[in-house]
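What follows is a set of notes on a single structure, which appears directly below.
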Number of protein chains: 4
Amino acid sequence: MAGSTFGTIFRVTTWGESHGKALGVVIDGCPAGLELSESDITPYMNRRKPGQSRFATPRKEDDSVEILSGVFEGKTTGTPISMIVYNTSQKSHDYSEIATYYRPGHADFTFDEKYGFRDYRGGGRSSGRETAARVAAGAVACKILKQLNITVSAYTASIGDISIDYDKFDEDEIFNNSLYMPDKEAAALASEYLQNVSKDGDSAGGIIECVVNGTPAGLGDPVFDKLDANLAKAITSIGAVKGFEVGDGFKVAHSNASANNDAFVLSDTGKIVKSTNHAGGILGGISDGDTIILRAGFKPTPSITKEQQTVNKDNEEINISVKGRHDPIIVPRAVVVVEAMTAITVLDSLLMNMTSRLDNIIKFYK
Amino acid sequence: MAGSTFGTIFRVTTWGESHGKALGVVIDGCPAGLELSESDITPYMNRRKPGQSRFATPRKEDDSVEILSGVFEGKTTGTPISMIVYNTSQKSHDYSEIATYYRPGHADFTFDEKYGFRDYRGGGRSSGRETAARVAAGAVACKILKQLNITVSAYTASIGDISIDYDKFDEDEIFNNSLYMPDKEAAALASEYLQNVSKDGDSAGGIIECVVNGTPAGLGDPVFDKLDANLAKAITSIGAVKGFEVGDGFKVAHSNASANNDAFVLSDTGKIVKSTNHAGGILGGISDGDTIILRAGFKPTPSITKEQQTVNKDNEEINISVKGRHDPIIVPRAVVVVEAMTAITVLDSLLMNMTSRLDNIIKFYK
Amino acid sequence: MAGSTFGTIFRVTTWGESHGKALGVVIDGCPAGLELSESDITPYMNRRKPGQSRFATPRKEDDSVEILSGVFEGKTTGTPISMIVYNTSQKSHDYSEIATYYRPGHADFTFDEKYGFRDYRGGGRSSGRETAARVAAGAVACKILKQLNITVSAYTASIGDISIDYDKFDEDEIFNNSLYMPDKEAAALASEYLQNVSKDGDSAGGIIECVVNGTPAGLGDPVFDKLDANLAKAITSIGAVKGFEVGDGFKVAHSNASANNDAFVLSDTGKIVKSTNHAGGILGGISDGDTIILRAGFKPTPSITKEQQTVNKDNEEINISVKGRHDPIIVPRAVVVVEAMTAITVLDSLLMNMTSRLDNIIKFYK
Amino acid sequence: MAGSTFGTIFRVTTWGESHGKALGVVIDGCPAGLELSESDITPYMNRRKPGQSRFATPRKEDDSVEILSGVFEGKTTGTPISMIVYNTSQKSHDYSEIATYYRPGHADFTFDEKYGFRDYRGGGRSSGRETAARVAAGAVACKILKQLNITVSAYTASIGDISIDYDKFDEDEIFNNSLYMPDKEAAALASEYLQNVSKDGDSAGGIIECVVNGTPAGLGDPVFDKLDANLAKAITSIGAVKGFEVGDGFKVAHSNASANNDAFVLSDTGKIVKSTNHAGGILGGISDGDTIILRAGFKPTPSITKEQQTVNKDNEEINISVKGRHDPIIVPRAVVVVEAMTAITVLDSLLMNMTSRLDNIIKFYK
């Protein structure tokens, strides 16, 4: 039953419900000596915060994080870092109605089946709000990775049928539009599409892509803890994700090895590199030093005002319209969540990899 | 570094290389009292065995499994079940050449980077042969699931651009063609396609689909050990998998909630069921009692005779043609591997779920 | 590095330092449906709280626990239970001096060696205050065990050379004296002894014994997760514990099998029971249904006013006298900590045991 | 139920029963590049092998280990090392009688209670023979530790009431007598004592001590994975162990801090060291660089020919005399098992410790 911990060395345990007193995360196994304060976390929290754009729910959540332990005189001590976010603006009365029926596309029914009852306020533990804790942990992981010159960057690759044009890929644009799309034109089109979807009382899905640059070769532990296998779990554990790809993803199923294999060549500096990157930076479950590329497919926000059919507590079939403050799309706010889970996974593999070779261990302890 | 164990209660640890003395698996946590003998395992091993069709490598592997422990008087004792498969037909001299260069699309380079050197014989630990151990464990998981009326069934959904037609879906056909496709016509077309690919010295990819019927609602442990997250890891840990989907998968990114949400309705017997199954039997990471559906995208076998570019030991760019006995497609032999990993994951969630509710625990110990 | 989590199904993760903002615990895997409120925790916290007797430090810690998540409408939901204790009365300036040297018998030196620096305020993470979080988790475990008619009871067995007399064992007396000794006379003698030790500026050690009644046979998982092995870890992980025993403990090393073996006999009701209990309720690492008995040896509080030799930051040998509010003995306040760790361990084994037999699993899911 | 795996990074999974086909161990997470062959394992196996002295069972077990995977061209590859020991000399018919009753002091009863039935041949999984697999894994751990100048040495400290005299401690003597006592005179006395015990149809217990030299300061992960807590579990998981101590052990319960605290002083070379070692090399759960000292109390071999009372299958009280080839004392053969479990635990902590500090991680990846 205990599924709230992720990672082996850098271990993240999250807790909290959408409308409880607070939610938070404990990071156990964070190396000592990292300069850390709330100001390192806030920018990440802000990217996930609702109310940032017209496509995000207009409710205000005060997502300010407080570090409660594990930091002394501005530096991590090597002991657990506990971080808390208080739920200040939640209004439980908004949600009283949904206690009486099962919302389609939500976990209401399955939580009841598993646990016998559920915290129905705003989805309780199954709310997207749970991901705030992941983002706080991811911010710490990102800060460590940066010191190793590893960067993790996620963005929106598509919304509905509107995809970014990779020829117009503009990294700076990601933070310029509220949809986190690295293509200004696509963002404008997607914005228009979302307005229409919203007007219909409906919602939309999309795809988030994430790239990791600077990873050394060697991360990942065959055969079950392959880097891509751990990333698959990390990403698919985010609510609303229904598909995961690394590198060329499902496209490889339609390809041939002569096209899909990445040739090894010598770089200008004489290093062995791949001439292409269909593999997405991972071969045999181990990072190859190239850019790691992954994608996640998100379903449309299940809460919509458009009428839907369901069953209520009295076992009657009814038609409902889910009221409340809901995003017409999950994707933009989930971009930083994908970044966080990717960073946590890569960092954990990186720490694990330090013990792979006896010569390194001997050198370390000399 | 220790990545060879999968599962929490039903724990599977595999070992062995392609051309070592043997390979095997230890299942720890298998419940006591299951009737088990080698004859339960063999049919699963045979489905993975090479040489079964003209698209599988013509080499003969004697994949007979021997149970070494954990079974007494025909029944599992609750102690670790150790199973071994001896490598009898491997000819190491076939592979001496590949020691001198990095095969594109293989883990040769990344193993060297991680561990400092590699067992180059047939790919060593990164060989597809490793999955034989998974299949042996999966056979045990399947047998337990069957006693709970849960069935796991995988099949080939597409090869190259040839997909099965769901209107012509014929379960019996799966075992009638060597490609494990539930559509006779698609199988014939795919077979023709593979002959051409093979003639070209090239290889092809494909998609495997897996359905699980009979699971109770309630399996899966939010927020990180969601059933779909664990399945994502299980499946992506299979070599050559580059994409994973549950339910409608990446299609949801193009859909709207009004179409994608599955309405709850009452069945004829008054049970709450979903009218459709876009979710693939999992809501909020917990099984909903409906059919679980997942898909895996496999890349083309990287070993091809067609000329490719790479770098050798002396740091020279060279052109190579990979000799040896290689399947022109991984997919058909991987069908049973997908089935095995799915079964192991579902069973582990099922055991974990027994402790979810206090009332059940009290009843159990009374 | 991540060592702050204990348990497999009922998983306890603690965090926090002696003089940080707060400390707390996350329980993941607590079954749903348990009635729980802060009032269930407080009595346990009070037993650990300082200032309860003249032998406990006179400082006042407000150890009031707040439940932040995992409980809804008075019952556990099956999601993580986060509990927090704010550090309200800590005065950091009391501890400024100890930043400059290594206190003998403390973890100051080893934390510096491991992490490069340390939170020196009151011992930081290595402070006995850390155990408050364990006690909060233990209170939850105890409440669940009680519903299964399992009781866990710890008490002081000896202080210095003064041991309880088992012929005068009086369970009610445990809560009647501030030393938690089940023997009034021994408690009086120990009290006198402690006054003298205290006057000397010194401190004393002692032994805590813990008995568990009502456990079913079958708990514990050979070969490494034997019930006694897990208890050994649980208890030895409490700061200041230097020895652990189960049943007759080290005495068995001096015994013969004819005396040490417990004969099996039939009880009045025809049940198979042991005629004696040298084994302490555990055979082959599995509970046998008899009373579980364990003991822990605690060292004297290392902080004493008596002069001691050590080395300071400038690498000079100096003599010190540790000022501050310190207990002249750890034992009485640790009684409830031993109880907590025992309860957590037994509960975890109990949950794990539910999956031991196929027939039980089949029955459960029918 | 899965309790056959020990360790986090250096992970050991054992399997096999006393009278099954074979038993073995899989080491996952062994660093790559260690020179390893069967000849490294054999000397350790020989120390555990029966028939070495007149106090060990006269049966011959051919404990020759075969490495099946994880080693290539004489060096570990970083992939799982599978080792197997075939059971060649076991005669099952010797044990047919014990199937009908519960042997006092054995796990017969508890295995039946837990699993519903048991492999009664020679104790099955609960046999001391299980430790052969631990010893094979320990030999690998010891070889790695030696390359880091860390030595692990166990010996018999007492048998019955006969203890070694530390003033006469002679390391070379350990391997000179069949009881592994570092004191020739004590060994002679113990030998005489055991002959008498044996003549009586009885058996004896004893204490094994283990010292680890050369460990760096910093090993162990508070608060639950303290080095001593992990050692407590490792040692107590050995069958027949009923007590565990580190450093002065239970003696500290009778001491005062002024005597028990180890003063810090400067060594001749200006290093901070302890003037005494009551702590046994571990402070706050972390190694302090001093010698690690631990002790384990073993009960007498429960199988004796002397008559004992028990209950049989037909629920009748009967008197039995356990026939078969049994050691009159477990201790001498368990010496190497204690050494093995200690080595595995120390090595695992050592690997884990590499990720404790950010500066070390940055240096490692530069």
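We label chains A, B, ... in the order they appear in the structure tokens, count residues from 1 in each chain, and number ligands from 1 in the order shown.
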
(message) Could you list, as a list in words, every residue within 9 Å of Val212 in chain D, counting only C-alpha atoms and ignoring same-chain residues fewer than 5 positions away?
(response) Ile150, Thr151, Val152, Ser153, Ala154, Gly281, Asp290, Thr291, Ile292, Ile293, Leu294, Thr342, Ala343 and Val346 of chain D

If you keep N, CA and C atoms, can you produce a file of those selected residues as a CSV table (one decimal), in the first residue's frame?
chain,number,residue,atom,x,y,z
D,150,ILE,N,40.6,-2.9,4.5
D,150,ILE,CA,39.6,-3.2,5.6
D,150,ILE,C,39.6,-4.7,5.8
D,151,THR,N,39.9,-5.2,7.1
D,151,THR,CA,39.8,-6.6,7.4
D,151,THR,C,38.7,-6.9,8.4
D,152,VAL,N,38.1,-8.0,8.2
D,152,VAL,CA,37.0,-8.5,9.0
D,152,VAL,C,37.5,-9.8,9.6
D,153,SER,N,37.5,-9.9,10.9
D,153,SER,CA,38.0,-11.1,11.6
D,153,SER,C,37.1,-11.6,12.7
D,154,ALA,N,36.5,-12.7,12.6
D,154,ALA,CA,35.6,-13.3,13.7
D,154,ALA,C,36.3,-14.5,14.3
D,281,GLY,N,33.7,1.5,18.0
D,281,GLY,CA,33.9,2.0,16.6
D,281,GLY,C,32.8,2.7,16.0
D,290,ASP,N,37.6,3.9,14.3
D,290,ASP,CA,38.3,3.0,15.2
D,290,ASP,C,37.8,1.5,14.8
D,291,THR,N,38.4,0.6,15.5
D,291,THR,CA,38.0,-0.8,15.3
D,291,THR,C,36.5,-1.0,15.7
D,292,ILE,N,35.8,-1.7,14.7
D,292,ILE,CA,34.4,-2.0,15.0
D,292,ILE,C,34.4,-3.4,15.7
D,293,ILE,N,33.7,-3.5,16.8
D,293,ILE,CA,33.6,-4.7,17.6
D,293,ILE,C,32.2,-5.1,17.8
D,294,LEU,N,31.8,-6.3,17.5
D,294,LEU,CA,30.5,-6.8,17.8
D,294,LEU,C,30.5,-8.2,18.3
D,342,THR,N,29.0,-9.6,8.5
D,342,THR,CA,29.6,-8.3,8.9
D,342,THR,C,30.2,-7.6,7.6
D,343,ALA,N,30.9,-8.4,6.8
D,343,ALA,CA,31.6,-7.9,5.7
D,343,ALA,C,30.6,-7.3,4.7
D,346,VAL,N,29.2,-4.0,6.1
D,346,VAL,CA,30.2,-2.9,6.1
D,346,VAL,C,30.4,-2.4,4.6

Find the nearest atom pair between each residue of chain D and chain B for residues within 9 Å, count only C-alpha atoms, give distances in Å to one decimal, sort rows by chain and ascending number, and present the table as a tab-separated table.
residue	atom	partner	partner_atom	distance
D:Met1	CA	B:Gly29	CA	4.7
D:Ala2	CA	B:Gly29	CA	4.0
D:Gly3	CA	B:Asp28	CA	7.3
D:Ser4	CA	B:Asp28	CA	6.6
D:Thr5	CA	B:Asp28	CA	8.4
D:Thr8	CA	B:Ala2	CA	7.9
D:Ile9	CA	B:Ala2	CA	5.8
D:Phe10	CA	B:Ala2	CA	6.9
D:Arg11	CA	B:Ala2	CA	6.7
D:Thr13	CA	B:Thr13	CA	8.1
D:Thr14	CA	B:Pro80	CA	7.8
D:Trp15	CA	B:Pro80	CA	5.3
D:Gly16	CA	B:Ser69	CA	5.0
D:Glu17	CA	B:Ser69	CA	6.6
D:Gly20	CA	B:Ser69	CA	6.0
D:Lys21	CA	B:Leu68	CA	5.6
D:Ala22	CA	B:Leu68	CA	6.1
D:Leu23	CA	B:Ser69	CA	7.3
D:Gly24	CA	B:Ser82	CA	8.6
D:Val26	CA	B:Trp15	CA	7.4
D:Ile27	CA	B:Ala2	CA	8.6
D:Asp28	CA	B:Ala2	CA	4.9
D:Gly29	CA	B:Ala2	CA	4.0
D:Cys30	CA	B:Met1	CA	7.6
D:Pro31	CA	B:Met1	CA	7.7
D:Ala32	CA	B:Tyr115	CA	5.6
D:Gly33	CA	B:Gly116	CA	7.5
D:Ile67	CA	B:Lys21	CA	8.7
D:Leu68	CA	B:Lys21	CA	5.6
D:Ser69	CA	B:Gly16	CA	5.1
D:Gly70	CA	B:Gly16	CA	6.9
D:Val71	CA	B:Asp119	CA	8.4
D:Phe72	CA	B:Asp119	CA	6.0
D:Glu73	CA	B:Asp119	CA	8.3
D:Thr77	CA	B:Arg118	CA	6.5
D:Gly78	CA	B:Tyr115	CA	6.3
D:Thr79	CA	B:Arg125	CA	7.0
D:Pro80	CA	B:Trp15	CA	5.4
D:Ile81	CA	B:Trp15	CA	7.2
D:Ser82	CA	B:Trp15	CA	6.6
D:Lys114	CA	B:Gly78	CA	8.9
D:Tyr115	CA	B:Ala32	CA	5.6
D:Gly116	CA	B:Ala32	CA	7.5
D:Phe117	CA	B:Thr77	CA	7.2
D:Arg118	CA	B:Thr77	CA	6.4
D:Asp119	CA	B:Phe72	CA	6.0
D:Arg125	CA	B:Thr79	CA	7.0

Residues of the last selection are to be written out with C-alpha atoms, as an mmCIF file, in the first residue's frame.
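Writing the result to part.cif gives the following:
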data_model
loop_
_atom_site.group_PDB
_atom_site.id
_atom_site.type_symbol
_atom_site.label_atom_id
_atom_site.label_comp_id
_atom_site.auth_asym_id
_atom_site.auth_seq_id
_atom_site.Cartn_x
_atom_site.Cartn_y
_atom_site.Cartn_z
ATOM 1 C CA MET D 1 6.971 -12.621 2.438
ATOM 2 C CA ALA D 2 10.094 -11.895 0.459
ATOM 3 C CA GLY D 3 12.843 -11.925 3.059
ATOM 4 C CA SER D 4 15.739 -13.491 1.203
ATOM 5 C CA THR D 5 17.474 -10.301 0.068
ATOM 6 C CA THR D 8 20.785 -1.841 -0.664
ATOM 7 C CA ILE D 9 23.621 -1.363 -3.152
ATOM 8 C CA PHE D 10 25.567 -4.594 -2.650
ATOM 9 C CA ARG D 11 22.477 -6.817 -2.642
ATOM 10 C CA THR D 13 19.719 -12.837 -2.452
ATOM 11 C CA THR D 14 19.993 -16.412 -1.200
ATOM 12 C CA TRP D 15 17.909 -19.453 -2.066
ATOM 13 C CA GLY D 16 17.819 -23.189 -1.459
ATOM 14 C CA GLU D 17 16.994 -25.804 1.093
ATOM 15 C CA GLY D 20 16.959 -29.687 -2.317
ATOM 16 C CA LYS D 21 18.977 -29.999 -5.482
ATOM 17 C CA ALA D 22 21.203 -27.065 -4.680
ATOM 18 C CA LEU D 23 21.453 -23.776 -2.880
ATOM 19 C CA GLY D 24 22.933 -20.527 -3.992
ATOM 20 C CA VAL D 26 22.872 -13.935 -6.394
ATOM 21 C CA ILE D 27 24.972 -10.845 -5.677
ATOM 22 C CA ASP D 28 23.549 -7.859 -7.498
ATOM 23 C CA GLY D 29 25.447 -4.605 -7.389
ATOM 24 C CA CYS D 30 28.956 -5.969 -7.065
ATOM 25 C CA PRO D 31 31.272 -3.345 -8.583
ATOM 26 C CA ALA D 32 32.892 -4.198 -11.904
ATOM 27 C CA GLY D 33 36.586 -4.951 -12.194
ATOM 28 C CA ILE D 67 30.229 -19.152 -10.351
ATOM 29 C CA LEU D 68 27.558 -19.136 -13.053
ATOM 30 C CA SER D 69 27.472 -15.490 -14.131
ATOM 31 C CA GLY D 70 28.818 -11.992 -13.613
ATOM 32 C CA VAL D 71 32.470 -12.833 -14.175
ATOM 33 C CA PHE D 72 34.159 -12.523 -17.566
ATOM 34 C CA GLU D 73 37.806 -13.030 -18.353
ATOM 35 C CA THR D 77 31.417 -7.327 -14.949
ATOM 36 C CA GLY D 78 29.063 -5.338 -12.716
ATOM 37 C CA THR D 79 26.173 -7.666 -13.542
ATOM 38 C CA PRO D 80 24.699 -10.194 -11.088
ATOM 39 C CA ILE D 81 27.067 -12.844 -9.781
ATOM 40 C CA SER D 82 25.205 -16.117 -9.419
ATOM 41 C CA LYS D 114 3.140 -19.709 8.373
ATOM 42 C CA TYR D 115 3.131 -21.654 5.119
ATOM 43 C CA GLY D 116 0.675 -24.484 5.791
ATOM 44 C CA PHE D 117 3.298 -27.185 5.345
ATOM 45 C CA ARG D 118 7.070 -27.518 5.276
ATOM 46 C CA ASP D 119 9.999 -29.130 3.537
ATOM 47 C CA ARG D 125 15.086 -23.579 4.286
#

- Do a neighbour search on Ala229 in chain D at 9 Å with only C-alpha atoms, toss out local chain neighbours closer than 5 positions, and write the hits as a VMD selection string. (chain C and resid 232 to 238) or (chain D and resid 220 224 234 285)

Go ahead and dump the residues you just picked, C-alpha atoms, as a tab-separated table (two decimals), in the first residue's frame.
chain	number	residue	atom	x	y	z
C	232	ALA	CA	17.17	-6.16	16.32
C	233	LYS	CA	17.50	-3.45	13.71
C	234	ALA	CA	14.49	-1.52	14.97
C	235	ILE	CA	15.76	-1.45	18.54
C	236	THR	CA	19.47	-0.98	17.84
C	237	SER	CA	18.58	1.99	15.62
C	238	ILE	CA	17.52	3.84	18.79
D	220	GLY	CA	26.24	4.27	8.42
D	224	PHE	CA	17.28	3.78	10.92
D	234	ALA	CA	22.65	-8.91	9.71
D	285	GLY	CA	25.28	4.98	14.17

What's the 12 Å shell around range 39-47 of chain D, counting only C-alpha atoms, without same-chain residues fewer than 5 positions away, as a ChimeraX atom specification?
-> /D:34,52-53,56,60-67,74,83-85,129,131-144,153-155,174-175,177-180,331-340

Here is a test: counting only C-alpha atoms, which residue of A:Tyr102, A:Phe6, A:Phe298, A:Tyr95 is nearest to Asn319 in chain A?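 Counting only C-alpha atoms, the residue closest to Asn319 in chain A is A:Tyr102.
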
Checklist entry - What is the CA of Asn353 in chain B-CA of Ile272 in chain B distance in Å, reported with one decimal? => result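 These two atoms are separated by 20.5 Å.
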
Looking only at alpha helix (DSSP H) from DSSP on the backbone, list the matching residues of range 175-259 of chain A as an NGL selection string. :A and (184-199 or 227-236 or 257-259)

re CA of Asp202 in chain A and CA of Thr100 in chain A: distance 22.1 Å
